[in-house]
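Below is the file data11.cif, which contains mmCIF, N, CA and C atoms.
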```
data_upload
#
loop_
_atom_site.label_atom_id
_atom_site.label_comp_id
_atom_site.auth_asym_id
_atom_site.auth_seq_id
_atom_site.Cartn_x
_atom_site.Cartn_y
_atom_site.Cartn_z
N MET A 1 59.02 -11.82 46.73
CA MET A 1 59.10 -13.26 46.80
C MET A 1 60.39 -13.76 46.15
N PRO A 2 61.51 -13.21 46.57
CA PRO A 2 62.78 -13.63 45.99
C PRO A 2 63.16 -15.05 46.37
N MET A 3 64.06 -15.61 45.59
CA MET A 3 64.66 -16.90 45.86
C MET A 3 66.15 -16.66 46.02
N ILE A 4 66.74 -17.25 47.04
CA ILE A 4 68.15 -17.05 47.35
C ILE A 4 68.84 -18.41 47.36
N ASP A 5 69.96 -18.51 46.65
CA ASP A 5 70.78 -19.71 46.67
C ASP A 5 72.18 -19.33 47.13
N VAL A 6 72.69 -20.06 48.11
CA VAL A 6 74.04 -19.86 48.59
C VAL A 6 74.82 -21.15 48.32
N TYR A 7 75.91 -21.02 47.58
CA TYR A 7 76.77 -22.16 47.26
C TYR A 7 78.11 -21.94 47.93
N ALA A 8 78.51 -22.89 48.78
CA ALA A 8 79.79 -22.77 49.49
C ALA A 8 80.29 -24.15 49.87
N ALA A 9 81.58 -24.22 50.13
CA ALA A 9 82.16 -25.47 50.65
C ALA A 9 81.45 -25.81 51.95
N ALA A 10 81.20 -27.08 52.16
CA ALA A 10 80.43 -27.55 53.32
C ALA A 10 81.00 -27.08 54.65
N ASP A 11 82.31 -26.90 54.71
CA ASP A 11 82.94 -26.53 55.96
C ASP A 11 83.21 -25.02 56.10
N LEU A 12 82.70 -24.22 55.19
CA LEU A 12 82.97 -22.79 55.24
C LEU A 12 82.19 -22.09 56.35
N PHE A 13 80.94 -22.44 56.52
CA PHE A 13 80.12 -21.86 57.58
C PHE A 13 80.06 -22.82 58.76
N PRO A 14 80.08 -22.30 59.98
CA PRO A 14 80.00 -23.19 61.14
C PRO A 14 78.72 -24.03 61.11
N VAL A 15 78.83 -25.23 61.65
CA VAL A 15 77.67 -26.12 61.75
C VAL A 15 76.58 -25.41 62.54
N GLY A 16 75.36 -25.54 62.09
CA GLY A 16 74.22 -24.96 62.78
C GLY A 16 73.91 -23.52 62.41
N THR A 17 74.58 -22.97 61.39
CA THR A 17 74.34 -21.57 61.03
C THR A 17 73.48 -21.41 59.77
N ASP A 18 73.01 -22.51 59.20
CA ASP A 18 72.21 -22.40 57.97
C ASP A 18 70.97 -21.53 58.18
N ARG A 19 70.27 -21.72 59.27
CA ARG A 19 69.05 -20.94 59.53
C ARG A 19 69.39 -19.46 59.65
N GLN A 20 70.44 -19.15 60.38
CA GLN A 20 70.85 -17.75 60.55
C GLN A 20 71.21 -17.13 59.20
N LEU A 21 71.98 -17.86 58.41
CA LEU A 21 72.38 -17.37 57.09
C LEU A 21 71.16 -17.11 56.22
N GLY A 22 70.26 -18.09 56.15
CA GLY A 22 69.07 -17.94 55.33
C GLY A 22 68.17 -16.80 55.80
N GLU A 23 67.99 -16.70 57.10
CA GLU A 23 67.11 -15.66 57.63
C GLU A 23 67.70 -14.27 57.42
N GLU A 24 68.98 -14.10 57.68
CA GLU A 24 69.60 -12.79 57.51
C GLU A 24 69.63 -12.36 56.04
N LEU A 25 69.92 -13.30 55.15
CA LEU A 25 69.90 -12.96 53.73
C LEU A 25 68.48 -12.62 53.26
N THR A 26 67.51 -13.37 53.75
CA THR A 26 66.11 -13.10 53.39
C THR A 26 65.72 -11.68 53.79
N MET A 27 66.03 -11.31 55.02
CA MET A 27 65.67 -9.98 55.48
C MET A 27 66.43 -8.89 54.72
N ALA A 28 67.67 -9.16 54.33
CA ALA A 28 68.44 -8.20 53.55
C ALA A 28 67.79 -7.98 52.18
N VAL A 29 67.34 -9.06 51.56
CA VAL A 29 66.68 -8.93 50.26
C VAL A 29 65.39 -8.13 50.40
N LEU A 30 64.60 -8.43 51.41
CA LEU A 30 63.34 -7.71 51.59
C LEU A 30 63.59 -6.22 51.85
N ARG A 31 64.60 -5.91 52.66
CA ARG A 31 64.95 -4.49 52.88
C ARG A 31 65.33 -3.83 51.57
N ALA A 32 66.14 -4.52 50.77
CA ALA A 32 66.59 -3.96 49.49
C ALA A 32 65.41 -3.74 48.54
N GLU A 33 64.39 -4.56 48.67
CA GLU A 33 63.19 -4.38 47.85
C GLU A 33 62.28 -3.29 48.38
N GLY A 34 62.59 -2.75 49.55
CA GLY A 34 61.78 -1.68 50.13
C GLY A 34 60.67 -2.16 51.04
N VAL A 35 60.74 -3.41 51.47
CA VAL A 35 59.72 -3.96 52.38
C VAL A 35 60.17 -3.63 53.80
N SER A 36 59.52 -2.64 54.42
CA SER A 36 59.95 -2.20 55.75
C SER A 36 59.43 -3.11 56.87
N THR A 37 58.23 -3.60 56.72
CA THR A 37 57.68 -4.51 57.73
C THR A 37 57.14 -5.76 57.04
N PRO A 38 58.00 -6.75 56.87
CA PRO A 38 57.57 -7.97 56.18
C PRO A 38 56.48 -8.70 56.96
N GLY A 39 55.44 -9.07 56.25
CA GLY A 39 54.37 -9.85 56.84
C GLY A 39 54.46 -11.29 56.38
N PRO A 40 53.48 -12.10 56.74
CA PRO A 40 53.49 -13.51 56.34
C PRO A 40 53.60 -13.71 54.83
N PHE A 41 52.99 -12.83 54.05
CA PHE A 41 53.07 -12.94 52.60
C PHE A 41 54.53 -12.96 52.16
N HIS A 42 55.34 -12.07 52.74
CA HIS A 42 56.76 -11.97 52.37
C HIS A 42 57.58 -13.11 52.98
N THR A 43 57.40 -13.33 54.27
CA THR A 43 58.25 -14.31 54.95
C THR A 43 57.93 -15.75 54.54
N ASN A 44 56.71 -16.02 54.16
CA ASN A 44 56.35 -17.38 53.72
C ASN A 44 56.76 -17.66 52.29
N ASN A 45 57.03 -16.62 51.52
CA ASN A 45 57.31 -16.81 50.09
C ASN A 45 58.70 -16.36 49.66
N THR A 46 59.55 -16.05 50.60
CA THR A 46 60.95 -15.73 50.28
C THR A 46 61.76 -16.90 50.80
N ALA A 47 62.43 -17.59 49.90
CA ALA A 47 63.13 -18.82 50.28
C ALA A 47 64.62 -18.70 50.09
N ALA A 48 65.36 -19.34 51.00
CA ALA A 48 66.81 -19.42 50.90
C ALA A 48 67.20 -20.89 50.88
N TYR A 49 68.05 -21.23 49.94
CA TYR A 49 68.56 -22.59 49.80
C TYR A 49 70.06 -22.55 50.05
N ILE A 50 70.50 -23.25 51.08
CA ILE A 50 71.91 -23.28 51.44
C ILE A 50 72.50 -24.57 50.87
N HIS A 51 73.38 -24.42 49.90
CA HIS A 51 74.00 -25.57 49.24
C HIS A 51 75.41 -25.75 49.81
N ARG A 52 75.54 -26.68 50.74
CA ARG A 52 76.86 -27.00 51.30
C ARG A 52 77.47 -28.07 50.41
N MET A 53 78.54 -27.71 49.76
CA MET A 53 79.14 -28.58 48.76
C MET A 53 80.43 -29.21 49.26
N ASP A 54 80.77 -30.37 48.70
CA ASP A 54 82.06 -30.98 48.98
C ASP A 54 83.12 -29.93 48.68
N PRO A 55 84.06 -29.67 49.59
CA PRO A 55 85.08 -28.64 49.35
C PRO A 55 85.80 -28.78 48.01
N ALA A 56 85.98 -30.01 47.53
CA ALA A 56 86.66 -30.22 46.25
C ALA A 56 85.79 -29.79 45.07
N ALA A 57 84.52 -29.55 45.30
CA ALA A 57 83.62 -29.13 44.22
C ALA A 57 83.65 -27.62 44.00
N VAL A 58 84.33 -26.88 44.86
CA VAL A 58 84.43 -25.43 44.73
C VAL A 58 85.86 -25.10 44.31
N GLN A 59 86.00 -24.66 43.07
CA GLN A 59 87.34 -24.45 42.52
C GLN A 59 87.45 -23.12 41.79
N THR A 60 88.67 -22.63 41.71
CA THR A 60 88.99 -21.51 40.84
C THR A 60 90.16 -21.95 39.97
N ALA A 61 90.57 -21.13 39.04
CA ALA A 61 91.73 -21.47 38.23
C ALA A 61 92.99 -21.54 39.09
N ALA A 62 92.99 -20.85 40.22
CA ALA A 62 94.18 -20.80 41.08
C ALA A 62 94.27 -21.95 42.07
N THR A 63 93.12 -22.52 42.47
CA THR A 63 93.17 -23.55 43.51
C THR A 63 92.05 -24.57 43.36
N ALA A 64 92.37 -25.79 43.77
CA ALA A 64 91.37 -26.87 43.71
C ALA A 64 90.45 -26.84 44.91
N LEU A 65 90.80 -26.12 45.94
CA LEU A 65 89.96 -26.02 47.14
C LEU A 65 89.68 -24.55 47.44
N ALA A 66 88.93 -23.93 46.57
CA ALA A 66 88.65 -22.50 46.69
C ALA A 66 87.69 -22.24 47.85
N ARG A 67 87.83 -21.08 48.44
CA ARG A 67 86.94 -20.68 49.54
C ARG A 67 85.99 -19.59 49.06
N THR A 68 85.58 -19.68 47.80
CA THR A 68 84.65 -18.70 47.26
C THR A 68 83.22 -19.08 47.65
N VAL A 69 82.38 -18.07 47.71
CA VAL A 69 80.95 -18.25 47.99
C VAL A 69 80.19 -17.57 46.86
N ARG A 70 79.16 -18.24 46.42
CA ARG A 70 78.27 -17.66 45.40
C ARG A 70 76.89 -17.51 46.03
N VAL A 71 76.41 -16.28 46.07
CA VAL A 71 75.05 -15.98 46.53
C VAL A 71 74.29 -15.50 45.31
N GLN A 72 73.28 -16.24 44.92
CA GLN A 72 72.47 -15.82 43.78
C GLN A 72 71.07 -15.50 44.28
N VAL A 73 70.60 -14.32 43.93
CA VAL A 73 69.28 -13.86 44.34
C VAL A 73 68.46 -13.64 43.07
N VAL A 74 67.36 -14.35 42.96
CA VAL A 74 66.45 -14.20 41.83
C VAL A 74 65.23 -13.45 42.34
N THR A 75 64.92 -12.33 41.66
CA THR A 75 63.79 -11.51 42.07
C THR A 75 62.78 -11.38 40.93
N PRO A 76 61.55 -11.04 41.28
CA PRO A 76 60.57 -10.74 40.24
C PRO A 76 61.01 -9.52 39.43
N PRO A 77 60.40 -9.32 38.28
CA PRO A 77 60.75 -8.17 37.44
C PRO A 77 60.63 -6.84 38.21
N ALA A 78 61.65 -6.01 38.08
CA ALA A 78 61.66 -4.64 38.63
C ALA A 78 61.55 -4.58 40.15
N ALA A 79 61.92 -5.64 40.85
CA ALA A 79 61.81 -5.64 42.32
C ALA A 79 62.89 -4.81 42.99
N LEU A 80 64.06 -4.69 42.36
CA LEU A 80 65.16 -3.95 42.96
C LEU A 80 65.50 -2.72 42.14
N SER A 81 65.58 -1.59 42.82
CA SER A 81 66.09 -0.37 42.19
C SER A 81 67.62 -0.50 42.15
N ARG A 82 68.29 0.43 41.50
CA ARG A 82 69.75 0.41 41.46
C ARG A 82 70.31 0.54 42.87
N GLU A 83 69.71 1.41 43.68
CA GLU A 83 70.16 1.56 45.08
C GLU A 83 69.92 0.27 45.85
N GLY A 84 68.79 -0.38 45.59
CA GLY A 84 68.50 -1.66 46.23
C GLY A 84 69.52 -2.72 45.87
N GLN A 85 69.95 -2.73 44.61
CA GLN A 85 70.98 -3.68 44.18
C GLN A 85 72.28 -3.46 44.96
N LYS A 86 72.70 -2.21 45.04
CA LYS A 86 73.94 -1.88 45.75
C LYS A 86 73.85 -2.27 47.22
N GLN A 87 72.73 -1.94 47.82
CA GLN A 87 72.50 -2.25 49.24
C GLN A 87 72.55 -3.76 49.47
N LEU A 88 71.88 -4.52 48.61
CA LEU A 88 71.81 -5.97 48.78
C LEU A 88 73.18 -6.63 48.61
N VAL A 89 73.93 -6.23 47.61
CA VAL A 89 75.26 -6.82 47.41
C VAL A 89 76.14 -6.54 48.62
N LYS A 90 76.09 -5.33 49.14
CA LYS A 90 76.88 -4.96 50.32
C LYS A 90 76.47 -5.79 51.52
N GLU A 91 75.17 -5.82 51.81
CA GLU A 91 74.69 -6.54 52.99
C GLU A 91 74.93 -8.05 52.89
N ALA A 92 74.67 -8.63 51.73
CA ALA A 92 74.85 -10.08 51.57
C ALA A 92 76.32 -10.45 51.78
N THR A 93 77.21 -9.64 51.25
CA THR A 93 78.65 -9.89 51.42
C THR A 93 79.04 -9.80 52.89
N GLU A 94 78.54 -8.79 53.59
CA GLU A 94 78.82 -8.63 55.02
C GLU A 94 78.28 -9.80 55.83
N ILE A 95 77.09 -10.26 55.50
CA ILE A 95 76.47 -11.40 56.21
C ILE A 95 77.32 -12.65 56.03
N VAL A 96 77.71 -12.94 54.81
CA VAL A 96 78.52 -14.13 54.53
C VAL A 96 79.84 -14.06 55.29
N ALA A 97 80.52 -12.93 55.25
CA ALA A 97 81.81 -12.79 55.92
C ALA A 97 81.65 -12.95 57.44
N ARG A 98 80.63 -12.33 58.01
CA ARG A 98 80.44 -12.39 59.45
C ARG A 98 80.11 -13.81 59.91
N ILE A 99 79.18 -14.45 59.22
CA ILE A 99 78.77 -15.80 59.64
C ILE A 99 79.89 -16.81 59.39
N SER A 100 80.69 -16.60 58.37
CA SER A 100 81.81 -17.52 58.11
C SER A 100 82.88 -17.38 59.19
N GLY A 101 82.89 -16.24 59.88
CA GLY A 101 83.90 -16.00 60.90
C GLY A 101 85.22 -15.53 60.33
N ASP A 102 85.21 -15.14 59.05
CA ASP A 102 86.44 -14.74 58.37
C ASP A 102 86.20 -13.42 57.64
N PRO A 103 86.67 -12.31 58.18
CA PRO A 103 86.45 -11.01 57.53
C PRO A 103 86.99 -10.94 56.10
N THR A 104 88.01 -11.74 55.78
CA THR A 104 88.56 -11.72 54.43
C THR A 104 87.65 -12.44 53.43
N GLN A 105 86.62 -13.12 53.93
CA GLN A 105 85.71 -13.84 53.04
C GLN A 105 84.98 -12.88 52.09
N ALA A 106 84.84 -11.64 52.49
CA ALA A 106 84.17 -10.66 51.63
C ALA A 106 84.82 -10.58 50.25
N GLY A 107 86.13 -10.71 50.20
CA GLY A 107 86.85 -10.64 48.93
C GLY A 107 86.71 -11.89 48.08
N ARG A 108 86.06 -12.92 48.63
CA ARG A 108 85.83 -14.16 47.89
C ARG A 108 84.33 -14.50 47.80
N THR A 109 83.50 -13.48 47.97
CA THR A 109 82.05 -13.68 47.94
C THR A 109 81.46 -12.98 46.73
N TRP A 110 80.83 -13.77 45.88
CA TRP A 110 80.17 -13.25 44.68
C TRP A 110 78.67 -13.19 44.95
N VAL A 111 78.07 -12.06 44.67
CA VAL A 111 76.61 -11.90 44.79
C VAL A 111 76.09 -11.63 43.39
N LEU A 112 75.27 -12.54 42.90
CA LEU A 112 74.71 -12.43 41.55
C LEU A 112 73.23 -12.10 41.66
N LEU A 113 72.84 -11.00 41.09
CA LEU A 113 71.43 -10.59 41.11
C LEU A 113 70.83 -10.92 39.75
N THR A 114 69.77 -11.69 39.79
CA THR A 114 69.09 -12.12 38.57
C THR A 114 67.63 -11.70 38.66
N GLU A 115 67.16 -11.04 37.62
CA GLU A 115 65.77 -10.63 37.57
C GLU A 115 65.02 -11.55 36.61
N ALA A 116 63.95 -12.14 37.10
CA ALA A 116 63.15 -13.00 36.24
C ALA A 116 62.57 -12.18 35.10
N ALA A 117 62.43 -12.81 33.96
CA ALA A 117 61.82 -12.14 32.80
C ALA A 117 60.35 -11.85 33.08
N GLU A 118 59.83 -10.87 32.43
CA GLU A 118 58.40 -10.54 32.56
C GLU A 118 57.59 -11.81 32.29
N GLY A 119 56.78 -12.19 33.25
CA GLY A 119 55.97 -13.40 33.12
C GLY A 119 56.72 -14.67 33.44
N GLY A 120 58.00 -14.55 33.81
CA GLY A 120 58.84 -15.71 34.04
C GLY A 120 58.97 -16.11 35.50
N TRP A 121 58.02 -15.76 36.31
CA TRP A 121 58.05 -16.08 37.73
C TRP A 121 56.77 -16.82 38.04
N GLY A 122 56.85 -18.10 38.36
CA GLY A 122 55.65 -18.90 38.56
C GLY A 122 55.42 -19.27 40.00
N LEU A 123 54.18 -19.18 40.43
CA LEU A 123 53.77 -19.56 41.78
C LEU A 123 52.32 -19.98 41.73
N SER A 124 52.00 -21.07 42.36
CA SER A 124 50.63 -21.57 42.43
C SER A 124 50.02 -21.77 41.05
N GLY A 125 50.86 -22.16 40.10
CA GLY A 125 50.37 -22.42 38.74
C GLY A 125 50.15 -21.19 37.90
N THR A 126 50.59 -20.01 38.39
CA THR A 126 50.40 -18.77 37.65
C THR A 126 51.75 -18.20 37.25
N ALA A 127 51.89 -17.79 36.00
CA ALA A 127 53.09 -17.11 35.53
C ALA A 127 52.91 -15.62 35.84
N PHE A 128 53.67 -15.13 36.81
CA PHE A 128 53.52 -13.75 37.26
C PHE A 128 54.39 -12.80 36.46
N GLY A 129 53.80 -11.66 36.15
CA GLY A 129 54.49 -10.54 35.55
C GLY A 129 54.14 -9.32 36.38
N LEU A 130 54.46 -8.15 35.89
CA LEU A 130 54.21 -6.93 36.65
C LEU A 130 52.74 -6.77 37.03
N GLU A 131 51.85 -7.07 36.11
CA GLU A 131 50.41 -6.92 36.38
C GLU A 131 49.95 -7.86 37.49
N GLU A 132 50.38 -9.11 37.42
CA GLU A 132 49.97 -10.08 38.44
C GLU A 132 50.58 -9.77 39.80
N PHE A 133 51.83 -9.30 39.79
CA PHE A 133 52.45 -8.93 41.06
C PHE A 133 51.77 -7.72 41.69
N ALA A 134 51.38 -6.76 40.88
CA ALA A 134 50.67 -5.58 41.40
C ALA A 134 49.36 -6.00 42.05
N ALA A 135 48.65 -6.88 41.41
CA ALA A 135 47.38 -7.36 41.97
C ALA A 135 47.61 -8.14 43.26
N LEU A 136 48.65 -8.96 43.28
CA LEU A 136 48.98 -9.74 44.47
C LEU A 136 49.40 -8.83 45.62
N ALA A 137 50.19 -7.81 45.34
CA ALA A 137 50.61 -6.87 46.36
C ALA A 137 49.43 -6.09 46.92
N ALA A 138 48.51 -5.68 46.05
CA ALA A 138 47.31 -4.96 46.50
C ALA A 138 46.47 -5.84 47.41
N LYS A 139 46.35 -7.10 47.06
CA LYS A 139 45.59 -8.06 47.89
C LYS A 139 46.25 -8.24 49.25
N ALA A 140 47.58 -8.32 49.26
CA ALA A 140 48.32 -8.49 50.51
C ALA A 140 48.17 -7.25 51.41
N ARG A 141 48.22 -6.06 50.79
CA ARG A 141 48.04 -4.82 51.56
C ARG A 141 46.66 -4.75 52.17
N ALA A 142 45.66 -5.15 51.42
CA ALA A 142 44.27 -5.11 51.90
C ALA A 142 44.06 -6.10 53.05
N ALA A 143 44.76 -7.22 53.01
CA ALA A 143 44.59 -8.25 54.04
C ALA A 143 45.36 -7.93 55.32
N GLY A 144 46.40 -7.13 55.20
CA GLY A 144 47.27 -6.94 56.36
C GLY A 144 47.34 -5.57 56.82
#
```

For this file, produce the structure as structure tokens.
Amino acid sequence: MPMIDVYAAADLFPVGTDRQLGEELTMAVLRAEGVSTPGPFHTNNTAAYIHRMDPAAVQTAATALARTVRVQVVTPPAALSREGQKQLVKEATEIVARISGDPTQAGRTWVLLTEAAEGGWGLSGTAFGLEEFAALAAKARAAG
């Protein structure tokens, strides 16, 4: 049940590509977590937020109109192995570059992986930790 935030200048991605960007990043995260066949439990609870920002709001020390992209993925505790982290950073960078239409965008794309603290992931009024996620996963497996 990861959360994905993409921050980019409003004109960096072509108009009408937000759904494609969100969907492709969502599936990349689920693959990196080892989910081979995502069901409704996964697809209904993995969210992507596309933040199209005023181009002047994206800056680096070198330029006032930077073309950098920040992709931040927040996952539950222990959701990604080291290999999963590597896979996700690679795939997310490739997705951003391809959808932007600029292969050089990969060199300006930051992927930040953040793991929620144990018990620091809340859904439906419950603070989830490893124990609660294990129970939730077992319930999902039994239902599907």

Shortest contact to Leu112 of chain A, candidates A:Phe13, A:Glu23, A:Val74, A:Gln87, atoms counted all atoms listed in the file, goes to A:Val74

So which one's closest to Lys90 of chain A, A:Ser36, A:Val111, A:Gly119, A:Arg70? Using only N, CA and C atoms, please.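 Smallest distance to Lys90 of chain A is found for A:Val111.
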
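Listed by chain and then by number, the residues chosen by the PyMOL selection byres (((chain A and resi 6 and name CA) around 8) and name CA) in this file are Ile4, Asp5, Tyr7, Ala8, Ala48, Tyr49, Ile50, His51, Val69, Arg70, Val71 and Gln72 of chain A.
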
Output file for the selection above: N, CA and C atoms, as an mmCIF file, in the frame of the given file:
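Final file, again13.cif:
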```
data_model
loop_
_atom_site.group_PDB
_atom_site.id
_atom_site.type_symbol
_atom_site.label_atom_id
_atom_site.label_comp_id
_atom_site.auth_asym_id
_atom_site.auth_seq_id
_atom_site.Cartn_x
_atom_site.Cartn_y
_atom_site.Cartn_z
ATOM 1 N N ILE A 4 66.740 -17.250 47.040
ATOM 2 C CA ILE A 4 68.150 -17.050 47.350
ATOM 3 C C ILE A 4 68.840 -18.410 47.360
ATOM 4 N N ASP A 5 69.960 -18.510 46.650
ATOM 5 C CA ASP A 5 70.780 -19.710 46.670
ATOM 6 C C ASP A 5 72.180 -19.330 47.130
ATOM 7 N N TYR A 7 75.910 -21.020 47.580
ATOM 8 C CA TYR A 7 76.770 -22.160 47.260
ATOM 9 C C TYR A 7 78.110 -21.940 47.930
ATOM 10 N N ALA A 8 78.510 -22.890 48.780
ATOM 11 C CA ALA A 8 79.790 -22.770 49.490
ATOM 12 C C ALA A 8 80.290 -24.150 49.870
ATOM 13 N N ALA A 48 65.360 -19.340 51.000
ATOM 14 C CA ALA A 48 66.810 -19.420 50.900
ATOM 15 C C ALA A 48 67.200 -20.890 50.880
ATOM 16 N N TYR A 49 68.050 -21.230 49.940
ATOM 17 C CA TYR A 49 68.560 -22.590 49.800
ATOM 18 C C TYR A 49 70.060 -22.550 50.050
ATOM 19 N N ILE A 50 70.500 -23.250 51.080
ATOM 20 C CA ILE A 50 71.910 -23.280 51.440
ATOM 21 C C ILE A 50 72.500 -24.570 50.870
ATOM 22 N N HIS A 51 73.380 -24.420 49.900
ATOM 23 C CA HIS A 51 74.000 -25.570 49.240
ATOM 24 C C HIS A 51 75.410 -25.750 49.810
ATOM 25 N N VAL A 69 82.380 -18.070 47.710
ATOM 26 C CA VAL A 69 80.950 -18.250 47.990
ATOM 27 C C VAL A 69 80.190 -17.570 46.860
ATOM 28 N N ARG A 70 79.160 -18.240 46.420
ATOM 29 C CA ARG A 70 78.270 -17.660 45.400
ATOM 30 C C ARG A 70 76.890 -17.510 46.030
ATOM 31 N N VAL A 71 76.410 -16.280 46.070
ATOM 32 C CA VAL A 71 75.050 -15.980 46.530
ATOM 33 C C VAL A 71 74.290 -15.500 45.310
ATOM 34 N N GLN A 72 73.280 -16.240 44.920
ATOM 35 C CA GLN A 72 72.470 -15.820 43.780
ATOM 36 C C GLN A 72 71.070 -15.500 44.280
#
```

Output check: residues returned by the PyMOL selection byres (((chain A and resi 1 and name CA) around 12) and name CA), as number ranges by chain: A: 2-4, 26-27, 29-30, 33, 35, 38-48, 73-77, 79-80, 115-116, 121-123, 128, 133, 136-137

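Closest approach to Asp18 of chain A among A:Ala127, A:Val96, A:Ala135, A:Ala140 is made by A:Val96 (distances from only C-alpha atoms).
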
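Here atom CA of Ala142 of chain A is placed at a distance of 24.4 Å from atom CA of Ala28 of chain A.
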
Return as an MDAnalysis selection string the full set of residues in segment 9-136 of chain A whose backbone-based DSSP assignment is strand (DSSP E). chainID A and resid 9 47:53 69:75 109:115 121:123 126:128

Could you give me the centre and size, in Å to one decimal, of an axis-aligned box around all listed atoms of segment 114-118 of chain A with 5 Å added on every side, as JSON?
```
{"center_x": 63.7, "center_y": -11.8, "center_z": 36.0, "size_x": 22.2, "size_y": 12.5, "size_z": 17.5}
```

Quote the spacing between atom N of Trp110 of chain A and atom CA of Thr68 of chain A in Å to one decimal place.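 Atom N of Trp110 of chain A sits 6.4 Å away from atom CA of Thr68 of chain A.
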
Contact residues around Asp11 of chain A with all atoms listed in the file at 8 Å, ignoring same-chain residues under 4 positions, as a count of residues only: 6

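Across the structure, atom CA of Gly120 of chain A and atom CA of Ala143 of chain A are spaced 25.7 Å apart.
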
Between A:Ala134, A:Ala106, A:Leu113, A:Ile99, which one has atoms that come closest to Arg19 of chain A, using only C-alpha atoms? A:Ile99

Can you tell me, as a ChimeraX atom specification, which residues in segment 1-133 of chain A count as helix (DSSP H, G or I) by DSSP? /A:18-32,40-45,55-57,82-100,103-108,130-133

A:Thr17, A:Arg67, A:Lys139, A:Ala32 ranked by distance to Thr109 of chain A, top pick (using all atoms listed in the file):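 Using all atoms listed in the file, the shortest distance to Thr109 of chain A belongs to A:Arg67.
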
Nearest to Thr93 of chain A: which of A:Ala57, A:Ala117, A:Leu21, A:Leu130 is it, counting only C-alpha atoms?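 The answer is A:Leu21, which sits nearest to Thr93 of chain A.
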